[in-house]
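This is coords.cif (mmCIF, C-alpha atoms and all ligand atoms).
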data_coords
#
loop_
_atom_site.label_atom_id
_atom_site.label_comp_id
_atom_site.auth_asym_id
_atom_site.auth_seq_id
_atom_site.Cartn_x
_atom_site.Cartn_y
_atom_site.Cartn_z
CA MET A 223 49.42 -58.16 87.83
CA PRO A 224 52.59 -57.06 86.05
CA LEU A 225 54.84 -59.61 84.37
CA LYS A 226 57.83 -60.22 86.66
CA ALA A 227 61.21 -61.89 86.28
CA ALA A 228 61.55 -65.12 88.28
CA GLY A 229 65.18 -64.61 89.25
CA THR A 230 68.48 -63.03 88.32
CA ALA A 231 69.99 -63.18 84.83
CA ALA A 232 72.35 -65.94 85.99
CA HIS A 233 69.51 -67.99 87.45
CA LEU A 234 67.39 -67.53 84.32
CA ALA A 235 70.33 -68.49 82.09
CA GLU A 236 70.57 -71.80 83.92
CA GLN A 237 66.81 -72.35 83.64
CA PHE A 238 66.92 -71.44 79.96
CA THR A 239 69.54 -74.12 79.30
CA GLN A 240 67.48 -76.76 81.13
CA VAL A 241 64.15 -75.91 79.51
CA ARG A 242 65.57 -75.77 75.99
CA ALA A 243 67.38 -79.08 76.53
CA LEU A 244 64.22 -80.86 77.68
CA THR A 245 62.37 -79.78 74.52
CA CYS A 246 65.19 -81.26 72.41
CA ALA A 247 65.15 -84.44 74.49
CA LEU A 248 61.43 -84.82 73.78
CA ALA A 249 62.08 -84.60 70.04
CA GLU A 250 65.17 -86.79 70.13
CA PRO A 251 63.54 -90.19 69.34
CA LEU A 252 61.61 -88.79 66.37
CA SER A 253 62.27 -89.13 62.66
CA GLU A 254 61.85 -86.17 60.31
CA ALA A 255 58.47 -87.66 59.30
CA ASP A 256 57.33 -88.05 62.93
CA ALA A 257 58.14 -84.38 63.54
CA GLN A 258 56.47 -83.18 60.34
CA VAL A 259 52.92 -84.52 60.25
CA GLN A 260 49.90 -82.66 61.65
CA SER A 261 47.27 -85.22 62.67
CA MET A 262 44.37 -82.76 63.15
CA PRO A 263 43.84 -78.97 63.12
CA ASP A 264 44.07 -78.72 66.94
CA ALA A 265 47.41 -80.54 67.12
CA SER A 266 50.67 -79.13 65.83
CA PRO A 267 53.66 -80.98 64.35
CA VAL A 268 56.59 -81.38 66.75
CA LYS A 269 58.77 -79.47 64.27
CA TRP A 270 56.37 -76.55 64.54
CA HIS A 271 56.58 -76.66 68.37
CA LEU A 272 60.40 -76.63 68.13
CA ALA A 273 60.21 -73.64 65.83
CA HIS A 274 57.45 -71.68 67.54
CA THR A 275 59.09 -71.83 71.00
CA THR A 276 62.23 -70.42 69.35
CA TRP A 277 60.15 -67.80 67.56
CA PHE A 278 58.90 -66.63 70.96
CA PHE A 279 62.42 -65.81 72.17
CA GLU A 280 63.59 -64.32 68.89
CA THR A 281 60.51 -62.24 68.07
CA LEU A 282 59.14 -61.19 71.46
CA LEU A 283 62.47 -60.86 73.29
CA LEU A 284 65.55 -60.45 71.07
CA GLU A 285 63.85 -58.31 68.43
CA ARG A 286 63.07 -55.79 71.18
CA PHE A 287 66.09 -56.04 73.44
CA GLU A 288 69.09 -57.45 71.54
CA ALA A 289 71.58 -54.83 70.35
CA GLY A 290 71.97 -54.95 66.56
CA PHE A 291 69.15 -57.48 66.18
CA ARG A 292 68.98 -59.31 62.87
CA ALA A 293 66.37 -62.02 62.28
CA HIS A 294 67.75 -65.54 61.69
CA HIS A 295 65.37 -65.76 58.71
CA PRO A 296 62.89 -62.93 58.00
CA ALA A 297 60.08 -65.32 56.94
CA TYR A 298 60.07 -67.18 60.27
CA ARG A 299 58.44 -64.20 61.96
CA MET A 300 55.19 -64.93 60.13
CA LEU A 301 55.60 -68.68 59.61
CA PHE A 302 55.87 -69.57 63.30
CA ASN A 303 53.66 -66.85 64.82
CA SER A 304 50.82 -68.73 66.53
CA TYR A 305 48.19 -66.09 67.17
CA TYR A 306 49.81 -62.73 68.02
CA ASN A 307 48.01 -60.10 65.95
CA ALA A 308 50.19 -57.41 67.50
CA VAL A 309 53.20 -59.09 65.84
CA GLY A 310 51.47 -59.43 62.48
CA ALA A 311 50.32 -62.06 60.00
CA GLN A 312 50.29 -65.77 60.82
CA HIS A 313 50.42 -68.98 58.83
CA ALA A 314 47.07 -70.81 59.16
CA ARG A 315 47.04 -73.21 62.10
CA PRO A 316 45.43 -76.20 60.28
CA GLN A 317 48.21 -75.97 57.67
CA ARG A 318 51.22 -76.15 59.97
CA GLY A 319 51.94 -79.70 58.77
CA LEU A 320 52.34 -78.45 55.22
CA ILE A 321 55.51 -76.52 56.07
CA THR A 322 57.97 -79.18 54.91
CA ARG A 323 60.70 -76.57 54.49
CA PRO A 324 62.59 -75.44 56.50
CA GLY A 325 63.44 -79.01 57.43
CA LEU A 326 64.01 -80.37 60.93
CA ALA A 327 67.79 -79.82 60.77
CA GLU A 328 67.29 -76.16 59.84
CA ILE A 329 64.88 -75.65 62.72
CA GLN A 330 67.32 -77.29 65.11
CA ALA A 331 70.11 -75.05 63.80
CA TRP A 332 67.83 -72.03 64.41
CA ARG A 333 67.23 -73.25 67.96
CA ARG A 334 70.96 -73.51 68.62
CA ALA A 335 71.60 -70.05 67.13
CA VAL A 336 68.90 -68.44 69.26
CA ASP A 337 70.18 -70.30 72.34
CA ARG A 338 73.62 -68.76 71.82
CA ARG A 339 72.19 -65.30 71.24
CA VAL A 340 69.99 -65.45 74.35
CA HIS A 341 72.97 -66.52 76.48
CA ASP A 342 75.13 -63.72 75.05
CA TRP A 343 72.35 -61.22 75.64
CA LEU A 344 71.86 -62.47 79.21
CA SER A 345 75.49 -61.66 79.98
CA SER A 346 74.94 -58.01 78.93
CA HIS A 347 72.94 -57.04 82.07
CA PRO A 348 69.45 -56.90 80.49
CA PRO A 349 66.78 -54.74 82.17
CA GLU A 350 64.11 -56.27 84.41
CA PRO A 351 61.25 -56.04 81.85
CA ALA A 352 63.38 -58.08 79.45
CA LEU A 353 64.07 -60.71 82.11
CA ALA A 354 60.33 -60.82 82.80
CA LEU A 355 59.69 -61.61 79.13
CA LEU A 356 62.37 -64.29 79.24
CA THR A 357 60.60 -65.80 82.26
CA LEU A 358 57.38 -65.88 80.25
CA GLY A 359 59.24 -67.48 77.34
CA LEU A 360 60.44 -70.28 79.62
CA ASN A 361 56.94 -70.92 80.94
CA HIS A 362 55.62 -70.77 77.39
CA GLU A 363 58.10 -73.40 76.23
CA GLN A 364 57.14 -75.62 79.17
CA GLN A 365 53.51 -75.43 78.07
CA HIS A 366 54.58 -76.52 74.60
CA GLN A 367 56.55 -79.43 76.07
CA GLU A 368 53.29 -80.92 77.33
CA LEU A 369 51.63 -80.15 74.00
CA ILE A 370 54.46 -81.94 72.17
CA LEU A 371 53.57 -85.11 74.05
CA SER A 372 49.79 -84.82 73.64
CA ASP A 373 50.02 -83.86 69.96
CA LEU A 374 52.57 -86.58 69.24
CA LYS A 375 50.41 -89.15 71.03
CA HIS A 376 47.50 -88.17 68.79
CA LEU A 377 49.67 -88.57 65.71
CA LEU A 378 51.07 -91.97 66.71
CA GLY A 379 47.59 -93.05 67.84
CA CYS A 380 46.33 -92.56 64.26
CA ASN A 381 48.70 -95.33 63.15
CA PRO A 382 47.13 -98.83 63.17
CA LEU A 383 50.53 -100.22 64.20
CA ALA A 384 50.22 -98.29 67.52
CA PRO A 385 53.92 -97.38 67.61
CA ALA A 386 55.53 -96.63 70.96
CA TYR A 387 57.14 -93.21 71.37
CA ARG A 388 59.41 -94.68 74.04
CA ALA A 389 59.66 -98.18 75.53
CA ARG A 390 57.47 -98.95 78.49
CA PRO A 391 59.35 -98.90 81.79
CA ALA A 392 59.62 -102.20 83.65
CA HIS A 393 57.96 -100.81 86.76
CA ALA A 394 54.88 -99.46 84.94
CA GLY A 395 51.50 -101.07 85.25
CA LYS A 396 51.98 -102.38 88.78
CA ALA A 397 48.59 -103.08 90.27
CA ALA A 398 47.50 -101.16 93.34
CA ASP A 399 44.46 -101.71 95.51
CA VAL A 400 42.68 -98.45 94.94
CA PRO A 401 41.31 -97.19 98.25
CA ALA A 402 37.57 -96.62 98.43
CA LEU A 403 36.68 -93.07 97.51
CA GLY A 404 37.03 -90.82 100.56
CA TRP A 405 35.60 -87.33 100.90
CA VAL A 406 37.08 -84.14 102.27
CA SER A 407 34.24 -81.89 103.35
CA HIS A 408 33.96 -78.11 103.64
CA ASP A 409 31.27 -76.24 105.56
CA GLY A 410 31.09 -73.47 102.99
CA GLY A 411 31.62 -69.74 103.40
CA PRO A 412 34.00 -67.14 102.01
CA VAL A 413 37.38 -68.22 100.61
CA ASP A 414 40.09 -66.41 98.66
CA ILE A 415 41.60 -67.87 95.49
CA GLY A 416 44.07 -66.71 92.87
CA HIS A 417 47.76 -65.92 92.76
CA ALA A 418 49.03 -63.35 95.22
CA GLY A 419 52.43 -64.57 96.25
CA ALA A 420 55.91 -64.16 94.94
CA GLY A 421 57.08 -66.03 91.87
CA PHE A 422 55.81 -66.30 88.35
CA ALA A 423 52.14 -66.74 87.50
CA PHE A 424 50.18 -66.11 84.31
CA ASP A 425 48.03 -62.99 84.22
CA ASN A 426 44.84 -65.11 84.23
CA GLU A 427 45.61 -66.37 87.78
CA ALA A 428 45.20 -62.91 89.31
CA PRO A 429 44.00 -60.94 91.12
CA ARG A 430 43.38 -62.94 94.26
CA HIS A 431 39.72 -62.49 95.11
CA ARG A 432 36.86 -63.83 97.21
CA HIS A 433 34.36 -66.61 96.46
CA TRP A 434 31.44 -67.86 98.53
CA LEU A 435 31.43 -71.66 98.68
CA ALA A 436 28.35 -73.75 99.45
CA PRO A 437 28.85 -76.75 101.78
CA HIS A 438 30.46 -79.47 99.67
CA ALA A 439 32.96 -82.32 99.65
CA LEU A 440 35.79 -83.17 97.26
CA ALA A 441 36.78 -86.74 96.42
CA ASP A 442 40.17 -87.55 97.95
CA ARG A 443 41.43 -89.18 94.73
CA LEU A 444 40.82 -89.20 90.99
CA VAL A 445 38.28 -91.38 89.15
CA THR A 446 40.03 -94.51 87.88
CA GLN A 447 39.91 -96.18 84.48
CA GLY A 448 38.23 -99.20 86.10
CA GLU A 449 35.49 -96.99 87.51
CA PHE A 450 35.02 -95.33 84.15
CA ALA A 451 34.76 -98.79 82.53
CA GLY A 452 31.80 -99.37 84.86
CA PHE A 453 30.05 -96.35 83.33
CA ILE A 454 30.59 -97.84 79.85
CA ALA A 455 29.45 -101.32 80.93
CA ASP A 456 26.25 -99.77 82.30
CA GLY A 457 25.49 -98.25 78.89
CA GLY A 458 26.63 -94.76 79.87
CA TYR A 459 27.43 -93.63 76.33
CA GLY A 460 23.96 -94.70 75.18
CA ASP A 461 21.86 -93.03 77.87
CA PRO A 462 20.97 -89.34 77.34
CA ARG A 463 20.05 -88.93 81.03
CA TRP A 464 23.68 -88.47 81.98
CA TRP A 465 24.70 -86.01 79.28
CA LEU A 466 24.54 -82.28 78.83
CA SER A 467 22.64 -81.42 75.65
CA ALA A 468 25.77 -80.43 73.75
CA GLY A 469 27.47 -83.51 75.16
CA TRP A 470 24.76 -85.82 73.87
CA ASP A 471 25.03 -84.14 70.46
CA TRP A 472 28.79 -84.78 70.63
CA VAL A 473 28.25 -88.48 71.53
CA ARG A 474 25.91 -89.01 68.61
CA THR A 475 27.90 -86.99 66.08
CA GLN A 476 31.17 -88.67 67.01
CA GLN A 477 29.56 -92.05 67.73
CA ALA A 478 31.59 -92.00 70.93
CA SER A 479 31.49 -95.15 73.04
CA ALA A 480 34.66 -94.95 75.20
CA PRO A 481 37.43 -92.50 76.12
CA MET A 482 39.90 -91.58 73.42
CA TYR A 483 42.54 -94.29 72.76
CA TRP A 484 40.52 -97.12 74.37
CA GLN A 485 40.13 -100.29 72.30
CA ARG A 486 37.79 -103.14 73.14
CA GLU A 487 39.62 -106.48 73.05
CA PRO A 488 37.97 -109.34 71.12
CA GLN A 489 38.19 -111.62 74.17
CA GLY A 490 36.72 -108.93 76.44
CA GLY A 491 38.25 -106.12 78.42
CA TRP A 492 40.04 -103.05 77.17
CA SER A 493 43.42 -101.93 76.02
CA ALA A 494 44.54 -98.34 75.57
CA PHE A 495 47.04 -96.66 73.28
CA THR A 496 49.73 -94.92 75.31
CA LEU A 497 53.04 -93.21 74.54
CA HIS A 498 54.48 -96.68 75.29
CA GLY A 499 52.27 -98.28 72.61
CA LEU A 500 49.10 -100.33 73.07
CA GLN A 501 48.82 -101.57 76.67
CA PRO A 502 46.21 -103.46 78.68
CA LEU A 503 43.97 -100.95 80.42
CA GLN A 504 45.21 -100.42 83.95
CA ALA A 505 42.00 -100.35 86.00
CA ASP A 506 43.54 -98.66 89.03
CA ALA A 507 45.24 -95.79 87.17
CA PRO A 508 43.43 -92.45 86.78
CA ALA A 509 41.03 -92.17 83.83
CA VAL A 510 42.56 -89.94 81.15
CA HIS A 511 41.60 -88.38 77.79
CA LEU A 512 38.09 -87.50 78.90
CA ASN A 513 36.48 -84.33 77.64
CA LEU A 514 34.27 -82.14 79.82
CA TYR A 515 31.13 -83.86 78.52
CA GLU A 516 32.43 -87.29 79.48
CA ALA A 517 33.64 -86.12 82.88
CA ASP A 518 30.32 -84.44 83.61
CA ALA A 519 28.29 -87.45 82.40
CA TYR A 520 30.35 -89.79 84.58
CA ALA A 521 29.67 -87.60 87.64
CA ARG A 522 25.92 -87.60 86.96
CA TRP A 523 25.90 -91.39 86.47
CA ALA A 524 28.05 -92.06 89.55
CA GLY A 525 25.70 -89.85 91.57
CA ALA A 526 22.72 -91.92 90.48
CA GLN A 527 24.54 -95.14 91.46
CA SER A 528 25.52 -93.86 94.90
CA GLY A 529 22.48 -91.75 95.73
CA MET A 530 24.76 -88.74 96.25
CA PRO A 531 24.49 -85.39 94.38
CA LEU A 532 27.80 -85.78 92.55
CA ARG A 533 29.18 -83.24 90.09
CA LEU A 534 32.41 -81.65 88.92
CA PRO A 535 34.07 -79.27 91.41
CA THR A 536 34.21 -75.56 90.74
CA GLU A 537 37.70 -74.13 90.40
CA ALA A 538 37.28 -72.21 93.68
CA GLU A 539 36.36 -75.45 95.50
CA TRP A 540 39.34 -77.20 93.93
CA GLU A 541 41.89 -74.50 94.69
CA HIS A 542 40.74 -73.88 98.25
CA GLY A 543 40.43 -77.62 98.96
CA VAL A 544 43.93 -78.36 97.68
CA GLU A 545 45.40 -75.39 99.54
CA ARG A 546 43.70 -76.41 102.79
CA SER A 547 44.81 -80.03 102.49
CA GLY A 548 48.45 -79.08 101.97
CA ALA A 549 48.50 -81.09 98.74
CA ALA A 550 50.34 -78.32 96.88
CA ALA A 551 53.40 -78.55 99.10
CA ARG A 552 55.16 -81.11 96.87
CA VAL A 553 54.12 -79.74 93.50
CA GLN A 554 57.57 -78.34 92.68
CA THR A 555 59.09 -81.82 92.95
CA MET A 556 56.63 -83.49 90.58
CA GLY A 557 56.18 -83.70 86.84
CA LEU A 558 58.05 -84.15 83.60
CA CYS A 559 61.84 -83.81 83.57
CA ALA A 560 64.81 -85.50 81.92
CA ASP A 561 64.57 -88.35 84.47
CA THR A 562 60.90 -89.18 83.83
CA LEU A 563 60.92 -89.58 80.04
CA GLU A 564 60.58 -93.34 80.35
CA SER A 565 57.30 -93.13 82.26
CA LEU A 566 54.73 -91.24 80.22
CA HIS A 567 51.33 -92.37 81.40
CA PRO A 568 49.23 -91.77 84.53
CA GLN A 569 50.10 -94.23 87.28
CA ALA A 570 48.12 -95.98 89.99
CA ASP A 571 48.69 -94.48 93.41
CA LEU A 572 51.12 -97.12 94.67
CA ALA A 573 51.91 -95.11 97.78
CA ARG A 574 48.38 -95.65 98.99
CA ARG A 575 48.20 -99.40 98.40
CA GLY A 576 46.02 -100.90 101.13
CA SER A 577 45.03 -97.51 102.53
CA ALA A 578 41.63 -97.54 104.19
CA GLY A 579 40.27 -94.51 102.34
CA HIS A 580 38.30 -93.23 105.32
CA GLY A 581 38.08 -89.75 103.83
CA LYS A 582 39.88 -87.73 106.48
CA GLY A 583 43.22 -87.51 104.70
CA PRO A 584 44.46 -84.96 102.21
CA LEU A 585 43.44 -84.68 98.57
CA HIS A 586 45.60 -87.19 96.71
CA GLN A 587 46.67 -86.97 93.07
CA ALA A 588 46.04 -83.20 92.89
CA PHE A 589 49.14 -82.81 90.69
CA GLY A 590 51.28 -84.91 88.39
CA GLN A 591 48.74 -87.42 87.04
CA VAL A 592 45.93 -85.85 84.97
CA TRP A 593 44.44 -82.37 84.66
CA GLN A 594 41.05 -82.22 86.37
CA TRP A 595 38.03 -80.71 84.67
CA THR A 596 36.06 -78.19 86.69
CA ALA A 597 32.52 -76.90 86.22
CA SER A 598 33.92 -73.35 85.93
CA ALA A 599 33.83 -71.50 82.63
CA TYR A 600 37.18 -69.96 81.73
CA ALA A 601 36.57 -66.28 82.42
CA ALA A 602 38.43 -63.29 83.80
CA TYR A 603 38.76 -62.97 87.57
CA PRO A 604 37.24 -59.72 88.91
CA GLY A 605 39.75 -56.95 88.26
CA TYR A 606 41.75 -58.99 85.70
CA ARG A 607 44.11 -56.98 83.53
CA PRO A 608 45.98 -58.58 80.63
CA TRP A 609 49.72 -57.92 80.45
CA ALA A 610 50.82 -54.92 78.39
CA GLY A 611 52.00 -55.31 74.80
CA ALA A 612 51.80 -58.30 72.47
CA VAL A 613 51.82 -60.75 75.40
CA GLY A 614 48.46 -59.29 76.42
CA GLU A 615 47.16 -61.75 73.80
CA TYR A 616 48.56 -64.71 75.75
CA ASN A 617 45.47 -65.56 77.81
CA GLY A 618 42.74 -62.92 77.90
CA LYS A 619 41.44 -63.24 74.36
CA PHE A 620 40.70 -66.94 74.88
CA MET A 621 38.26 -66.33 77.73
CA VAL A 622 35.19 -67.62 75.90
CA ASN A 623 33.70 -71.08 75.22
CA GLN A 624 36.27 -72.95 77.32
CA TYR A 625 36.37 -74.61 80.76
CA VAL A 626 39.03 -74.49 83.45
CA LEU A 627 41.14 -77.53 84.36
CA ARG A 628 43.12 -77.64 87.59
CA GLY A 629 46.14 -79.51 88.88
CA SER A 630 48.70 -80.82 86.40
CA SER A 631 49.52 -84.04 84.53
CA PHE A 632 52.48 -86.41 84.32
CA ALA A 633 53.43 -84.45 81.17
CA THR A 634 53.46 -81.05 82.87
CA PRO A 635 57.12 -80.07 83.28
CA ARG A 636 58.58 -80.07 86.76
CA GLY A 637 58.48 -76.59 88.28
CA HIS A 638 55.69 -75.43 85.96
CA ALA A 639 52.56 -76.33 87.95
CA ARG A 640 51.21 -74.44 90.95
CA LEU A 641 48.10 -74.18 93.08
CA SER A 642 46.55 -71.22 91.23
CA TYR A 643 47.30 -72.51 87.68
CA ARG A 644 44.34 -72.29 85.28
CA ASN A 645 44.52 -74.57 82.27
CA PHE A 646 41.64 -74.31 79.80
CA PHE A 647 40.20 -76.20 76.86
CA PRO A 648 36.89 -76.38 74.96
CA ALA A 649 34.31 -78.84 76.34
CA ASP A 650 34.82 -81.37 73.54
CA ALA A 651 38.65 -81.50 73.70
CA ARG A 652 40.01 -84.85 74.86
CA TRP A 653 43.43 -85.30 73.34
CA GLN A 654 45.04 -83.62 76.34
CA PHE A 655 45.87 -85.55 79.54
CA THR A 656 42.54 -84.78 81.19
CA GLY A 657 40.53 -86.66 83.80
CA LEU A 658 38.32 -85.89 86.77
CA ARG A 659 37.88 -85.60 90.50
CA LEU A 660 34.32 -85.75 91.82
CA ALA A 661 32.64 -83.22 94.09
CA CYS A 662 29.45 -83.58 96.11
CA ASP A 663 26.88 -81.06 97.41
CA LEU A 664 26.35 -81.24 101.17
CA ARG A 665 22.90 -79.96 102.01
FE FE A 701 52.72 -70.78 72.00
#
Re-express the file's structure as structure tokens.
Ligand SMILES: [Fe+2]
Amino acid sequence: MPLKAAGTAAHLAEQFTQVRALTCALAEPLSEADAQVQSMPDASPVKWHLAHTTWFFETLLLERFEAGFRAHHPAYRMLFNSYYNAVGAQHARPQRGLITRPGLAEIQAWRRAVDRRVHDWLSSHPPEPALALLTLGLNHEQQHQELILSDLKHLLGCNPLAPAYRARPAHAGKAADVPALGWVSHDGGPVDIGHAGAGFAFDNEAPRHRHWLAPHALADRLVTQGEFAGFIADGGYGDPRWWLSAGWDWVRTQQASAPMYWQREPQGGWSAFTLHGLQPLQADAPAVHLNLYEADAYARWAGAQSGMPLRLPTEAEWEHGVERSGAAARVQTMGLCADTLESLHPQADLARRGSAGHGKGPLHQAFGQVWQWTASAYAAYPGYRPWAGAVGEYNGKFMVNQYVLRGSSFATPRGHARLSYRNFFPADARWQFTGLRLACDLR
């Protein structure tokens, strides 16, 4: 699937302004120190995200298409290259936090300079392949906007003072009666998944192709924190029956006993660190910060409790189920934007308060709360072709030792998610906004 522009130069110029502004808004409450520190090798400093997203436009777009191109600073080409071997050398990922200079103000000045140059260049009637790269740059920056929040949460979560990134909104934490889990069943048979329509998609979402589904059902909502607390209370983290072998090794090595950011309160119950600081655990909100091992173990345990063959859905089951239920219709109106920066945690499904949960409705919470682990290994679709050039390294070379997540989270920027989107992380990763939806075999 060739890389395509998602609109005219004028339309993309408007989008460019909005996307770049949201990144700056995310960094706005941070001190230089907040933006500098790298809390673990997998997480990057916010300053690095600000720089690297700018690097993308300067190195992959302007360097190739801007008349009379001159780099803002020649060293930035290497310093803020993430993993593009076709571009050249890279600064080591675990040492991104050691780049104390250039400082935050210099990086912000670089951002503003590149913003001006991109706008000037956009008014010079750029060719379609260049607009296609700009489209990719916008989607790339949106991915980093979510990473800014997950990486920053990890950093602030390392601080015993549990500092809030932003104040908690007054409406947050409202209790909802979570409906009983309902099931949306499918008789099985051939289905088509993957991107085939108009509009932007990453190369890993294509080509559209056929899968054979076995009879199954998908849970009509996400697993809640309260339900996951039941797994812990039943000794779930201490019982190898529920865990994959590598998962059990992970539990013992890490001495894991609860999802990331959960804290047991001395008087009983749980609290959880959030981007709004330490908060009482909201039992009816979706469980979040689970890795694949935890999600899979929960499904196995919940199956034993209910007498049903529960498991994680495959990505084909998820995509077809969400498409069939019409749950993707509202995806473009959901997610992170300048208006939602005060509400940065998964929420209980207030719209469904008191709903009977009889299982005949659509799939709720498919988008905008937490990414949902699937049982599908992240691999190429049949006939997959990476994009040409350096951006061929964007997705294809990571198709090993990772699992696919579907949907989107509250931190996924508005307009970025779609039905065919394939997020991916290693099985032990849990600092992203990841949870689960159950599936069940029907035979
Ligand atoms: Fe990147």
Exercise: Glu328 in chain A partners within 12 Å, only C-alpha atoms, chain neighbours under 5 positions left out, as a ChimeraX atom specification: /A:254,269-270,272-273,294-295,298,322-323,333-335
Proximity to Phe589 in chain A - best of A:Thr245, A:Gln312, A:Gln624, A:Thr634, all atoms listed in the file: A:Thr634
Take every atom of range 587-596 of chain A listed in the file, fit an axis-aligned box around them, add 4 Å per side, and give the centre and edge lengths in Å to one decimal as AutoDock Vina command-line options.
--center_x 43.7 --center_y -82.8 --center_z 88.9 --size_x 23.2 --size_y 17.2 --size_z 16.4
Atom pair CA of Gly590 in chain A / CA of Trp523 in chain A: separation (Å):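 Atom-to-atom, CA of Gly590 in chain A to CA of Trp523 in chain A, that is 26.3 Å.
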Ligand FE 701 (chain A) neighbours within 8 Å using all atoms listed in the file, as a ChimeraX atom specification: /A:271,274-275,278,304,362-363,365-366
Nearest to Ala247 in chain A by atom-to-atom distance, counting all atoms listed in the file, from A:Ala612, A:Ala289, A:Leu444, A:Leu371: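 Nearest to Ala247 in chain A: A:Leu371.
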Go through range 390-421 of chain A residue by residue and, counting all atoms listed in the file, keep those with an atom at most 12 Å from range 655-660 of chain A; for each kept residue give the shortest atom pair and its distance in Å to one decimal, ordered by chain and increasing number, as a Markdown table.
| residue | atom | partner | partner_atom | distance |
| --- | --- | --- | --- | --- |
| A:Leu403 | CA | A:Leu660 | CA | 9.6 |
| A:Gly404 | CA | A:Leu660 | CA | 10.5 |
| A:Trp405 | CA | A:Leu660 | CA | 9.3 |
| A:Val406 | CA | A:Leu660 | CA | 10.9 |
